[in-house]
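Working notes, beginning with the structure itself.
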Amino acid sequence: MKKILIFGAGKSATSLIDYLCTVCEENDWKLLLCDADALLAESKISNCKNAEAVAADVSIEAERVYLIKDADIVISMLPPHLHFLVANDCLTYSKNLLNASYVDERIKNLSSAIKEKGLLFLCEMGLDPGIDHMSAMKIINKVKNQGGKITSFKSHCGGLVAPESDDNPWHYKITWNPGNIVMAGSSGALFKTDGQIMKVYYKDVFNNCTSVDVPGLFPLAWYPNRDSLSYIDTYELAGINTFVRTTLRHPSFCRGWNKIVNIGLTDLEDHDEIKDCKTYNDWYQLKNKGNDFVADEYKMEFQEQLNYLGIQSAEKMEGDIQNSSLVLQGLLEKRLAMLPNDRDMIVMLHEIEYELEGEKKQIKSTLIVKGDDQKRTAMAKTVGLPLGIAAKLILQEKIKLTGLHIPVLPEIYEPVLQELEKHNITFNEKINLEQ
């Protein structure tokens, strides 16, 4: 009996677990779900016949190895900094590995050894990164096969709240790792526009976010993601004039978050500065240093956002005040939590300009997915299903690649995108002549 091991049973793993429960029953395989929280893991497989929940501390080598040695394939849904621990063990014990995170530099250093052992380590196999790669490469290769030349590539993706559940001034609710939400943009950004390399520092990432019209939806705003330039070669688009990968948010979120960042409410190393604060208002006033945004036309909007989070309240600060980032995270988890019947929404938009037979054309390819409720979110579907589908195809030997990969090859993206369509994860593509 083939065994699939999942490390991590958190928010983004729900749909992955549901999918693999069905797959394991259909194929007489076994699913082993490991999490530090045994009750959480057990709750996620309560209706699954071929599954078992186990509690383990993944930071302890013996506990990891015991589980990995007995698996045929491993899926890591752990925080990114823990992926390498699992990857190293998978290499040692010759197990294929999948995760939804950006490729860790330490895992890159294992590339030759992974290939030599005939293993497949498939990273960036979630939503963004993941579905974005697969859907983009499908379009890029189609244009190239027609003889077209791509001149501009913009890829936008955002995890948002569905309009029917949008009831707060941030127009946002948490559906994934809150720590990642707080630190979004902290690495700055590199991208290319009109032939110019653009380098944006953290303090400016959310400043004057560019708006974009999403077909079938209202206008949204985008901020640039990390290092877009590294994907130019990956997508085989050398010499392209514009190349940027972005995150979508509501325009007012960008305006408010820009102030949050520049006030210093996401600082990681200010324990000594804020340790004596008693209330959230103490903390805010200390960090804000008198800046009341008098000249800002959106001052009232930001005030409403602060009030909603309770940042200026006289409420006593909770927990160990390690740094501002964790203080803010605690507020977000309370005030921007999904309610039981809330629905989230994933929006992805590729804007690709190209030249074909002397004509300039533009493709807009749009994906809009809504969640069912607080647990079966669109985020969980779009992060988890690609991983589950890939795991199934690998065990069925329908994906036979070896080495360290992300899903930019037809051998991966064609069958995965085909099955995603069966789960209503499908793109609406429109081609227009440029005006």
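Order determines the names: the first chain of the structure tokens is A, the second B, and so forth; residues in each chain are numbered 1 upward, and ligands are numbered 1 upward as they are shown.
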
Going by DSSP on the backbone, which residues of segment 8-132 of chain A come out as alpha helix (DSSP H)? List them as a ChimeraX atom specification. /A:14-27,38-44,61-68,83-92,105-108,111-116,131-132

Please report, as a list in words, each residue of segment 222-338 of chain A to which DSSP assigns strand (DSSP E) when run on this structure's backbone.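 Residues of segment 222-338 of chain A classed as strand (DSSP E): Trp222, Tyr223, Pro224, Thr242, Phe243, Val244, Arg245, Thr246, Thr247, Leu248 and Arg249 of chain A.
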
So which residues touch segment 257-260 of chain A within 7 Å, counting only C-alpha atoms, skipping near sequence neighbours fewer than 4 positions away, as an NGL selection string? :A and (206-207 or 253 or 264-265)

Atoms kept (N, CA, C and O atoms) for selection, written as a PDB file, in the first residue's frame:
ATOM      1  N   PHE A 206       4.252  49.592  -0.842  1.00  0.00           N
ATOM      2  CA  PHE A 206       2.798  49.828  -0.856  1.00  0.00           C
ATOM      3  C   PHE A 206       2.435  51.272  -1.199  1.00  0.00           C
ATOM      4  O   PHE A 206       1.277  51.643  -1.134  1.00  0.00           O
ATOM      5  N   ASN A 207       3.433  52.071  -1.552  1.00  0.00           N
ATOM      6  CA  ASN A 207       3.194  53.479  -1.848  1.00  0.00           C
ATOM      7  C   ASN A 207       2.709  53.640  -3.286  1.00  0.00           C
ATOM      8  O   ASN A 207       3.362  53.203  -4.228  1.00  0.00           O
ATOM      9  N   PHE A 253      -6.681  49.073   1.025  1.00  0.00           N
ATOM     10  CA  PHE A 253      -5.744  48.256   1.815  1.00  0.00           C
ATOM     11  C   PHE A 253      -4.318  48.757   1.590  1.00  0.00           C
ATOM     12  O   PHE A 253      -3.555  48.944   2.550  1.00  0.00           O
ATOM     13  N   GLY A 264       6.057  51.990  11.331  1.00  0.00           N
ATOM     14  CA  GLY A 264       6.927  51.030  12.009  1.00  0.00           C
ATOM     15  C   GLY A 264       6.177  49.948  12.749  1.00  0.00           C
ATOM     16  O   GLY A 264       6.743  49.257  13.609  1.00  0.00           O
ATOM     17  N   LEU A 265       4.888  49.748  12.424  1.00  0.00           N
ATOM     18  CA  LEU A 265       4.080  48.771  13.153  1.00  0.00           C
ATOM     19  C   LEU A 265       4.333  47.337  12.718  1.00  0.00           C
ATOM     20  O   LEU A 265       3.734  46.409  13.253  1.00  0.00           O
TER      21      LEU A 265
END

Have a look at A:His171, A:Lys203, A:His83, A:Lys289 and name the one nearest to Gln305 of chain A; count only C-alpha atoms.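 Checking each candidate against Gln305 of chain A, we get A:His171 as the closest.
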
Contacts of segment 412-428 of chain A at 8 Å (only C-alpha atoms; same-chain gap of 4+ positions) as JSON, numbers by chain: {"A": [134, 135, 138, 365, 366, 367, 368, 369, 382, 385, 386, 389, 390, 399, 407, 408]}

Just the number, please: distance in Å from atom CA of Lys360 of chain A to atom CA of Lys149 of chain A, one decimal. 9.6 Å

Between A:Leu110, A:Tyr354, A:Phe243, A:Cys34, which has the minimum distance to Val74 of chain A (counting only C-alpha atoms)? A:Cys34

Using only C-alpha atoms, the residue out of A:Gly384, A:Gly147, A:Gly256, A:Gly179 with shortest distance to Leu309 of chain A is A:Gly256

Per-residue nearest contacts of segment 160-188 of chain A to segment 316-325 of chain A (12 Å; only C-alpha atoms) as a Markdown table:
| residue | atom | partner | partner_atom | distance |
| --- | --- | --- | --- | --- |
| A:Pro178 | CA | A:Ser325 | CA | 10.5 |
| A:Gly179 | CA | A:Ser325 | CA | 8.2 |
| A:Asn180 | CA | A:Ser325 | CA | 10.5 |
| A:Ile181 | CA | A:Ser325 | CA | 10.3 |
| A:Val182 | CA | A:Ser325 | CA | 6.7 |
| A:Met183 | CA | A:Ser325 | CA | 7.7 |
| A:Ala184 | CA | A:Ser325 | CA | 11.2 |
| A:Ser186 | CA | A:Ser325 | CA | 11.3 |

Can you work out which one of A:Val214, A:Leu237, A:Met1, A:Leu190 has the shortest atom-to-atom distance to Ala136 of chain A, counting only C-alpha atoms?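 Going through A:Val214, A:Leu237, A:Met1, A:Leu190 one by one, the smallest distance to Ala136 of chain A is for A:Leu237.
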
Nearest to Ser94 of chain A: which of A:Asp233, A:Asp37, A:Leu120, A:Leu82 is it, counting only C-alpha atoms?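 Closest residue, counting only C-alpha atoms: A:Leu120.
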